[in-house]
file coords_13.txt (compact mmCIF, N, CA and C atoms)
# COMPACT_ATOMS: atom_id res chain seq x y z
N MET A 1177 0.84 -1.18 0.00
CA MET A 1177 0.00 0.00 0.00
C MET A 1177 0.88 1.24 0.00
N LYS A 1178 0.33 2.32 -0.47
CA LYS A 1178 1.02 3.60 -0.44
C LYS A 1178 0.83 4.25 0.92
N LEU A 1179 1.84 4.95 1.37
CA LEU A 1179 1.77 5.66 2.64
C LEU A 1179 0.57 6.58 2.69
N ARG A 1180 0.19 7.20 1.56
CA ARG A 1180 -0.92 8.15 1.53
C ARG A 1180 -2.25 7.54 1.96
N GLU A 1181 -2.34 6.21 1.95
CA GLU A 1181 -3.58 5.56 2.35
C GLU A 1181 -3.80 5.63 3.86
N ILE A 1182 -2.72 5.81 4.63
CA ILE A 1182 -2.86 5.83 6.09
C ILE A 1182 -2.27 7.08 6.75
N ALA A 1183 -1.73 7.99 5.94
CA ALA A 1183 -1.06 9.16 6.53
C ALA A 1183 -1.19 10.38 5.62
N TYR A 1184 -0.92 11.52 6.21
CA TYR A 1184 -0.82 12.76 5.44
C TYR A 1184 0.51 13.40 5.77
N ALA A 1185 0.91 14.35 4.96
CA ALA A 1185 2.22 14.98 5.13
C ALA A 1185 2.13 16.47 4.84
N ARG A 1186 3.01 17.22 5.46
CA ARG A 1186 3.15 18.66 5.24
C ARG A 1186 4.62 18.95 4.99
N GLU A 1187 4.89 19.90 4.09
CA GLU A 1187 6.27 20.21 3.75
C GLU A 1187 6.54 21.69 3.91
N GLY A 1188 7.74 21.98 4.37
CA GLY A 1188 8.22 23.34 4.45
C GLY A 1188 9.63 23.38 3.89
N ASP A 1189 10.10 24.56 3.56
CA ASP A 1189 11.46 24.65 3.03
C ASP A 1189 12.08 25.97 3.43
N LYS A 1190 13.37 25.96 3.50
CA LYS A 1190 14.16 27.16 3.77
C LYS A 1190 15.52 26.93 3.12
N ALA A 1191 15.89 27.85 2.25
CA ALA A 1191 17.16 27.75 1.52
C ALA A 1191 17.18 26.42 0.75
N ASP A 1192 18.13 25.55 1.04
CA ASP A 1192 18.28 24.28 0.33
C ASP A 1192 17.87 23.09 1.21
N ILE A 1193 16.98 23.34 2.16
CA ILE A 1193 16.55 22.30 3.12
C ILE A 1193 15.04 22.11 3.01
N ALA A 1194 14.62 20.86 2.88
CA ALA A 1194 13.20 20.51 2.89
C ALA A 1194 12.89 19.84 4.22
N ASN A 1195 11.74 20.14 4.75
CA ASN A 1195 11.31 19.64 6.05
C ASN A 1195 9.93 19.02 5.85
N ILE A 1196 9.80 17.70 6.06
CA ILE A 1196 8.55 17.00 5.78
C ILE A 1196 8.05 16.28 7.03
N ALA A 1197 6.84 16.61 7.45
CA ALA A 1197 6.21 15.95 8.59
C ALA A 1197 5.20 14.93 8.07
N VAL A 1198 5.17 13.77 8.70
CA VAL A 1198 4.24 12.70 8.33
C VAL A 1198 3.45 12.31 9.57
N LEU A 1199 2.13 12.29 9.44
CA LEU A 1199 1.24 11.97 10.56
C LEU A 1199 0.18 10.96 10.10
N PRO A 1200 -0.17 10.00 10.95
CA PRO A 1200 -1.21 9.03 10.57
C PRO A 1200 -2.60 9.64 10.67
N TYR A 1201 -3.51 9.15 9.83
CA TYR A 1201 -4.91 9.53 9.97
C TYR A 1201 -5.49 8.92 11.25
N GLU A 1202 -5.07 7.68 11.51
CA GLU A 1202 -5.55 6.93 12.68
C GLU A 1202 -4.36 6.57 13.57
N ASP A 1203 -4.51 6.75 14.87
CA ASP A 1203 -3.42 6.42 15.80
C ASP A 1203 -2.98 4.96 15.69
N ALA A 1204 -3.90 4.08 15.32
CA ALA A 1204 -3.56 2.65 15.22
C ALA A 1204 -2.50 2.38 14.15
N ASP A 1205 -2.36 3.27 13.18
CA ASP A 1205 -1.36 3.09 12.12
C ASP A 1205 0.01 3.66 12.46
N TRP A 1206 0.11 4.34 13.58
CA TRP A 1206 1.38 4.96 13.98
C TRP A 1206 2.52 3.96 14.06
N PRO A 1207 2.37 2.79 14.73
CA PRO A 1207 3.50 1.86 14.79
C PRO A 1207 3.99 1.41 13.41
N ARG A 1208 3.09 1.18 12.49
CA ARG A 1208 3.47 0.75 11.14
C ARG A 1208 4.27 1.85 10.43
N ILE A 1209 3.80 3.07 10.54
CA ILE A 1209 4.50 4.19 9.92
C ILE A 1209 5.87 4.38 10.55
N ARG A 1210 5.92 4.33 11.85
CA ARG A 1210 7.18 4.53 12.59
C ARG A 1210 8.22 3.49 12.18
N GLU A 1211 7.78 2.26 11.98
CA GLU A 1211 8.70 1.20 11.60
C GLU A 1211 9.12 1.29 10.13
N ALA A 1212 8.18 1.63 9.27
CA ALA A 1212 8.44 1.60 7.83
C ALA A 1212 9.25 2.78 7.32
N LEU A 1213 9.05 3.95 7.88
CA LEU A 1213 9.70 5.16 7.35
C LEU A 1213 11.06 5.41 8.01
N THR A 1214 12.05 4.79 7.47
CA THR A 1214 13.40 4.99 7.98
C THR A 1214 14.10 6.06 7.14
N GLU A 1215 15.22 6.53 7.61
CA GLU A 1215 16.01 7.49 6.85
C GLU A 1215 16.43 6.90 5.51
N ASP A 1216 16.79 5.60 5.51
CA ASP A 1216 17.23 4.96 4.26
C ASP A 1216 16.10 4.86 3.24
N VAL A 1217 14.90 4.53 3.70
CA VAL A 1217 13.75 4.44 2.80
C VAL A 1217 13.48 5.80 2.15
N VAL A 1218 13.50 6.84 2.95
CA VAL A 1218 13.24 8.18 2.43
C VAL A 1218 14.35 8.60 1.47
N ARG A 1219 15.59 8.33 1.82
CA ARG A 1219 16.73 8.68 0.96
C ARG A 1219 16.60 8.03 -0.41
N ARG A 1220 16.24 6.75 -0.42
CA ARG A 1220 16.08 6.04 -1.69
C ARG A 1220 14.93 6.63 -2.52
N LYS A 1221 13.85 7.01 -1.86
CA LYS A 1221 12.70 7.56 -2.58
C LYS A 1221 13.05 8.89 -3.26
N PHE A 1222 13.82 9.72 -2.58
CA PHE A 1222 14.15 11.03 -3.13
C PHE A 1222 15.33 10.98 -4.09
N GLY A 1223 16.12 9.93 -4.02
CA GLY A 1223 17.18 9.68 -4.99
C GLY A 1223 17.98 10.89 -5.40
N ASP A 1224 18.00 11.17 -6.70
CA ASP A 1224 18.81 12.25 -7.25
C ASP A 1224 18.23 13.65 -7.01
N LEU A 1225 17.05 13.74 -6.41
CA LEU A 1225 16.50 15.06 -6.10
C LEU A 1225 17.28 15.76 -5.00
N MET A 1226 18.06 14.98 -4.25
CA MET A 1226 18.83 15.57 -3.17
C MET A 1226 20.22 14.97 -3.12
N THR A 1227 21.17 15.74 -2.60
CA THR A 1227 22.55 15.26 -2.50
C THR A 1227 23.05 15.25 -1.07
N GLY A 1228 22.24 15.76 -0.15
CA GLY A 1228 22.65 15.85 1.25
C GLY A 1228 22.17 14.68 2.09
N THR A 1229 21.80 14.99 3.30
CA THR A 1229 21.44 13.98 4.28
C THR A 1229 19.94 13.96 4.55
N VAL A 1230 19.49 12.84 5.12
CA VAL A 1230 18.12 12.71 5.62
C VAL A 1230 18.23 12.44 7.11
N THR A 1231 17.58 13.26 7.90
CA THR A 1231 17.56 13.06 9.35
C THR A 1231 16.11 12.93 9.80
N ARG A 1232 15.81 11.88 10.56
CA ARG A 1232 14.46 11.64 11.03
C ARG A 1232 14.35 12.03 12.50
N TYR A 1233 13.28 12.74 12.81
CA TYR A 1233 13.00 13.13 14.20
C TYR A 1233 11.63 12.60 14.60
N GLU A 1234 11.53 12.15 15.84
CA GLU A 1234 10.25 11.73 16.41
C GLU A 1234 9.87 12.72 17.49
N TYR A 1235 8.58 12.91 17.64
CA TYR A 1235 8.07 13.79 18.68
C TYR A 1235 7.66 12.94 19.87
N PRO A 1236 8.06 13.29 21.10
CA PRO A 1236 7.79 12.44 22.25
C PRO A 1236 6.31 12.27 22.59
N ASN A 1237 5.47 13.25 22.32
CA ASN A 1237 4.07 13.16 22.71
C ASN A 1237 3.11 13.30 21.54
N LEU A 1238 3.60 13.04 20.33
CA LEU A 1238 2.78 13.20 19.14
C LEU A 1238 3.11 12.08 18.16
N PRO A 1239 2.09 11.43 17.59
CA PRO A 1239 2.37 10.39 16.61
C PRO A 1239 2.75 11.02 15.27
N ALA A 1240 3.99 11.43 15.16
CA ALA A 1240 4.45 12.10 13.94
C ALA A 1240 5.94 11.92 13.77
N LEU A 1241 6.36 11.92 12.52
CA LEU A 1241 7.78 11.91 12.18
C LEU A 1241 8.07 13.18 11.39
N ASN A 1242 9.25 13.70 11.59
CA ASN A 1242 9.69 14.86 10.84
C ASN A 1242 11.02 14.50 10.16
N PHE A 1243 11.10 14.72 8.87
CA PHE A 1243 12.31 14.44 8.11
C PHE A 1243 12.89 15.74 7.60
N VAL A 1244 14.19 15.92 7.82
CA VAL A 1244 14.90 17.08 7.33
C VAL A 1244 15.86 16.60 6.24
N LEU A 1245 15.67 17.12 5.03
CA LEU A 1245 16.48 16.74 3.88
C LEU A 1245 17.35 17.94 3.50
N THR A 1246 18.66 17.76 3.59
CA THR A 1246 19.58 18.84 3.25
C THR A 1246 20.02 18.71 1.79
N GLU A 1247 20.44 19.83 1.23
CA GLU A 1247 20.84 19.88 -0.18
C GLU A 1247 19.77 19.20 -1.04
N ALA A 1248 18.53 19.62 -0.81
CA ALA A 1248 17.39 18.94 -1.41
C ALA A 1248 16.62 19.79 -2.41
N LEU A 1249 17.00 21.05 -2.59
CA LEU A 1249 16.20 21.93 -3.44
C LEU A 1249 17.03 22.59 -4.54
N GLY A 1250 18.06 21.91 -4.96
CA GLY A 1250 18.86 22.43 -6.07
C GLY A 1250 19.51 23.76 -5.78
N GLY A 1251 19.81 24.01 -4.52
CA GLY A 1251 20.44 25.27 -4.12
C GLY A 1251 19.47 26.23 -3.45
N GLY A 1252 18.18 25.96 -3.57
CA GLY A 1252 17.18 26.83 -2.97
C GLY A 1252 16.39 27.59 -4.02
N VAL A 1253 15.38 28.28 -3.57
CA VAL A 1253 14.43 28.94 -4.47
C VAL A 1253 15.11 29.89 -5.45
N SER A 1254 15.98 30.73 -4.97
CA SER A 1254 16.56 31.74 -5.86
C SER A 1254 17.72 31.22 -6.70
N LEU A 1255 18.22 30.03 -6.40
CA LEU A 1255 19.35 29.49 -7.15
C LEU A 1255 18.98 28.34 -8.08
N SER A 1256 17.86 27.69 -7.83
CA SER A 1256 17.50 26.48 -8.55
C SER A 1256 16.81 26.77 -9.87
N LEU A 1257 17.06 25.90 -10.84
CA LEU A 1257 16.37 25.95 -12.12
C LEU A 1257 15.20 24.97 -12.15
N ARG A 1258 14.94 24.30 -11.03
CA ARG A 1258 13.84 23.35 -10.95
C ARG A 1258 12.50 24.05 -11.07
N VAL A 1259 11.52 23.34 -11.61
CA VAL A 1259 10.17 23.88 -11.71
C VAL A 1259 9.61 24.13 -10.31
N ASP A 1260 9.89 23.22 -9.39
CA ASP A 1260 9.40 23.35 -8.02
C ASP A 1260 10.58 23.64 -7.09
N GLY A 1261 11.12 24.81 -7.15
CA GLY A 1261 12.25 25.18 -6.32
C GLY A 1261 11.93 25.26 -4.85
N HIS A 1262 10.65 25.37 -4.54
CA HIS A 1262 10.24 25.41 -3.14
C HIS A 1262 10.12 24.01 -2.53
N GLY A 1263 9.99 22.98 -3.32
CA GLY A 1263 9.85 21.63 -2.80
C GLY A 1263 8.47 21.31 -2.27
N LYS A 1264 7.44 22.05 -2.67
CA LYS A 1264 6.10 21.81 -2.14
C LYS A 1264 5.54 20.46 -2.57
N SER A 1265 6.05 19.90 -3.63
CA SER A 1265 5.57 18.58 -4.06
C SER A 1265 6.24 17.44 -3.30
N TYR A 1266 7.20 17.75 -2.45
CA TYR A 1266 7.92 16.70 -1.72
C TYR A 1266 7.02 15.93 -0.76
N ALA A 1267 6.02 16.58 -0.19
CA ALA A 1267 5.10 15.86 0.69
C ALA A 1267 4.37 14.79 -0.11
N SER A 1268 3.97 15.11 -1.32
CA SER A 1268 3.29 14.14 -2.17
C SER A 1268 4.22 12.99 -2.54
N LEU A 1269 5.47 13.30 -2.83
CA LEU A 1269 6.44 12.25 -3.14
C LEU A 1269 6.64 11.34 -1.93
N MET A 1270 6.71 11.91 -0.74
CA MET A 1270 6.85 11.11 0.48
C MET A 1270 5.68 10.15 0.61
N LEU A 1271 4.47 10.62 0.34
CA LEU A 1271 3.28 9.80 0.49
C LEU A 1271 3.17 8.71 -0.57
N ASP A 1272 4.03 8.76 -1.57
CA ASP A 1272 4.07 7.74 -2.61
C ASP A 1272 4.92 6.53 -2.21
N ILE A 1273 5.53 6.57 -1.05
CA ILE A 1273 6.35 5.46 -0.57
C ILE A 1273 5.47 4.25 -0.32
N ASP A 1274 5.92 3.08 -0.79
CA ASP A 1274 5.22 1.83 -0.55
C ASP A 1274 5.58 1.30 0.84
N ILE A 1275 4.56 0.90 1.59
CA ILE A 1275 4.78 0.27 2.89
C ILE A 1275 3.96 -1.01 2.94
N ASP A 1276 4.32 -1.89 3.86
CA ASP A 1276 3.58 -3.15 4.00
C ASP A 1276 2.15 -2.88 4.46
N GLY A 1277 1.21 -3.54 3.82
CA GLY A 1277 -0.19 -3.38 4.17
C GLY A 1277 -0.55 -4.36 5.22

call {"tool": "encode", "arguments": {"input": "coords_13.txt", "output": "structure tokens"}}
result
Amino acid sequence: MKLREIAYAREGDKADIANIAVLPYEDADWPRIREALTEDVVRRKFGDLMTGTVTRYEYPNLPALNFVLTEALGGGVSLSLRVDGHGKSYASLMLDIDIDG
């Protein structure tokens, strides 16, 4: 199944850094999301769109993951020749990750 079936995501960006939060629709899906979305899985999904690192953060009292992707926007809004220099479509790409159903 696609992650989008059990979760939603929000993306923000600053300079050449993308910040993507992933939250489950239902709390019961939190353990599955937490286990499936590793830094390596996210790195592979974004592939050549980024050249930096992926760092995953968990919130202690919230069923959510936050991923920070560095060197992910082609230099940033004012430097990139990409159509989406802001990275707003990155949340959608994250939700396209396949996870075990």

call {"tool": "atom_distance", "arguments": {"input": "coords_13.txt", "atom1": "atom C of A:Tyr1233", "atom2": "atom N of A:Gly1250"}}
result
22.6 Å

call {"tool": "closest_residue", "arguments": {"input": "coords_13.txt", "among": "A:Asp1205, A:Glu1234, A:Asp1272, A:Glu1247", "to": "A:Lys1221", "atoms": "only N, CA and C atoms"}}
result
A:Asp1272

call {"tool": "closest_atom_pairs", "arguments": {"input": "coords_13.txt", "of": "stretch 1207-1276 of chain A", "to": "stretch 1181-1186 of chain A", "cutoff": "9 Å", "atoms": "only C-alpha atoms", "output": "JSON lines"}}
result
{"residue": "A:Ile1209", "atom": "CA", "partner": "A:Ala1183", "partner_atom": "CA", "distance": 8.2}
{"residue": "A:Lys1264", "atom": "CA", "partner": "A:Arg1186", "partner_atom": "CA", "distance": 8.5}
{"residue": "A:Tyr1266", "atom": "CA", "partner": "A:Arg1186", "partner_atom": "CA", "distance": 8.7}
{"residue": "A:Ala1267", "atom": "CA", "partner": "A:Ala1185", "partner_atom": "CA", "distance": 5.4}
{"residue": "A:Ser1268", "atom": "CA", "partner": "A:Ala1185", "partner_atom": "CA", "distance": 7.4}
{"residue": "A:Met1270", "atom": "CA", "partner": "A:Ala1185", "partner_atom": "CA", "distance": 7.6}
{"residue": "A:Leu1271", "atom": "CA", "partner": "A:Ala1185", "partner_atom": "CA", "distance": 7.0}

call {"tool": "closest_residue", "arguments": {"input": "coords_13.txt", "among": "A:Leu1238, A:Ile1193, A:Leu1249, A:Leu1179", "to": "A:Asp1274", "atoms": "only C-alpha atoms"}}
result
A:Leu1179

call {"tool": "select_by_dssp", "arguments": {"input": "coords_13.txt", "residues": "chain A", "states": "helix (DSSP H, G or I)", "output": "ChimeraX atom specification"}}
result
/A:1179-1181,1203-1212,1215-1225,1266-1271

call {"tool": "closest_residue", "arguments": {"input": "coords_13.txt", "among": "A:Glu1202, A:Arg1180, A:Arg1208, A:Phe1243", "to": "A:Leu1269", "atoms": "only C-alpha atoms"}}
result
A:Arg1180

call {"tool": "residues_near_point", "arguments": {"input": "coords_13.txt", "point": "(24.7, 14.4, -2.2)", "cutoff": "8 Å", "atoms": "only N, CA and C atoms", "output": "short mmCIF file (atom, residue, chain, number, x, y, z; two decimals) with N, CA and C atoms, in the frame of the given file"}}
result
data_model
loop_
_atom_site.label_atom_id
_atom_site.label_comp_id
_atom_site.auth_asym_id
_atom_site.auth_seq_id
_atom_site.Cartn_x
_atom_site.Cartn_y
_atom_site.Cartn_z
N MET A 1226 18.06 14.98 -4.25
CA MET A 1226 18.83 15.57 -3.17
C MET A 1226 20.22 14.97 -3.12
N THR A 1227 21.17 15.74 -2.60
CA THR A 1227 22.55 15.26 -2.50
C THR A 1227 23.05 15.25 -1.07
N GLY A 1228 22.24 15.76 -0.15
CA GLY A 1228 22.65 15.85 1.25
C GLY A 1228 22.17 14.68 2.09
N THR A 1229 21.80 14.99 3.30
CA THR A 1229 21.44 13.98 4.28
C THR A 1229 19.94 13.96 4.55
N THR A 1246 18.66 17.76 3.59
CA THR A 1246 19.58 18.84 3.25
C THR A 1246 20.02 18.71 1.79
N GLU A 1247 20.44 19.83 1.23
CA GLU A 1247 20.84 19.88 -0.18
C GLU A 1247 19.77 19.20 -1.04
#

call {"tool": "closest_residue", "arguments": {"input": "coords_13.txt", "among": "A:Val1230, A:Ile1273, A:Leu1225, A:Ala1212", "to": "A:Ala1248", "atoms": "all atoms listed in the file"}}
result
A:Leu1225

call {"tool": "closest_residue", "arguments": {"input": "coords_13.txt", "among": "A:Asp1203, A:Thr1214, A:Phe1222, A:Ser1265", "to": "A:Glu1187", "atoms": "all atoms listed in the file"}}
result
A:Ser1265

call {"tool": "atom_distance", "arguments": {"input": "coords_13.txt", "atom1": "atom CA of A:Met1177", "atom2": "atom CA of A:Leu1213"}}
result
13.2 Å

call {"tool": "residues_around", "arguments": {"input": "coords_13.txt", "residues": "A:Glu1215", "least_positions_apart": "2", "cutoff": "7 Å", "atoms": "all atoms listed in the file", "output": "PyMOL selection string"}}
result
chain A and resi 1213+1217-1220+1230-1232

call {"tool": "atom_distance", "arguments": {"input": "coords_13.txt", "atom1": "atom N of A:Ile1196", "atom2": "atom CA of A:Tyr1235"}}
result
13.3 Å

call {"tool": "select_by_dssp", "arguments": {"input": "coords_13.txt", "residues": "chain A", "states": "strand (DSSP E or B)", "output": "VMD selection string"}}
result
chain A and resid 1178 1183 to 1190 1193 to 1200 1230 to 1234 1241 to 1245 1274

call {"tool": "axis_aligned_box", "arguments": {"input": "coords_13.txt", "around": "stretch 1198-1204 of chain A", "padding_each_side": "4 Å", "output": "JSON"}}
result
{"center_x": -0.2, "center_y": 8.1, "center_z": 12.1, "size_x": 18.7, "size_y": 19.4, "size_z": 15.5}

call {"tool": "closest_residue", "arguments": {"input": "coords_13.txt", "among": "A:Asp1224, A:Gly1251, A:Lys1178, A:Leu1241", "to": "A:Glu1211", "atoms": "only C-alpha atoms"}}
result
A:Leu1241

call {"tool": "decode", "arguments": {"input": "coords_13.txt", "residues": "stretch 1190-1208 of chain A", "atoms": "C-alpha atoms", "output": "PDB file, in the first residue's frame"}}
result
ATOM      1  CA  LYS A1190      14.162  27.163   3.767  1.00  0.00           C
ATOM      2  CA  ALA A1191      17.158  27.746   1.518  1.00  0.00           C
ATOM      3  CA  ASP A1192      18.276  24.277   0.333  1.00  0.00           C
ATOM      4  CA  ILE A1193      16.553  22.305   3.116  1.00  0.00           C
ATOM      5  CA  ALA A1194      13.204  20.513   2.895  1.00  0.00           C
ATOM      6  CA  ASN A1195      11.311  19.642   6.054  1.00  0.00           C
ATOM      7  CA  ILE A1196       8.551  17.000   5.778  1.00  0.00           C
ATOM      8  CA  ALA A1197       6.209  15.948   8.590  1.00  0.00           C
ATOM      9  CA  VAL A1198       4.241  12.695   8.335  1.00  0.00           C
ATOM     10  CA  LEU A1199       1.240  11.968  10.557  1.00  0.00           C
ATOM     11  CA  PRO A1200      -1.207   9.035  10.570  1.00  0.00           C
ATOM     12  CA  TYR A1201      -4.911   9.529   9.973  1.00  0.00           C
ATOM     13  CA  GLU A1202      -5.551   6.932  12.685  1.00  0.00           C
ATOM     14  CA  ASP A1203      -3.415   6.423  15.797  1.00  0.00           C
ATOM     15  CA  ALA A1204      -3.563   2.653  15.221  1.00  0.00           C
ATOM     16  CA  ASP A1205      -1.362   3.090  12.118  1.00  0.00           C
ATOM     17  CA  TRP A1206       1.375   4.965  13.977  1.00  0.00           C
ATOM     18  CA  PRO A1207       3.503   1.864  14.793  1.00  0.00           C
ATOM     19  CA  ARG A1208       3.469   0.752  11.140  1.00  0.00           C
TER      20      ARG A1208
END
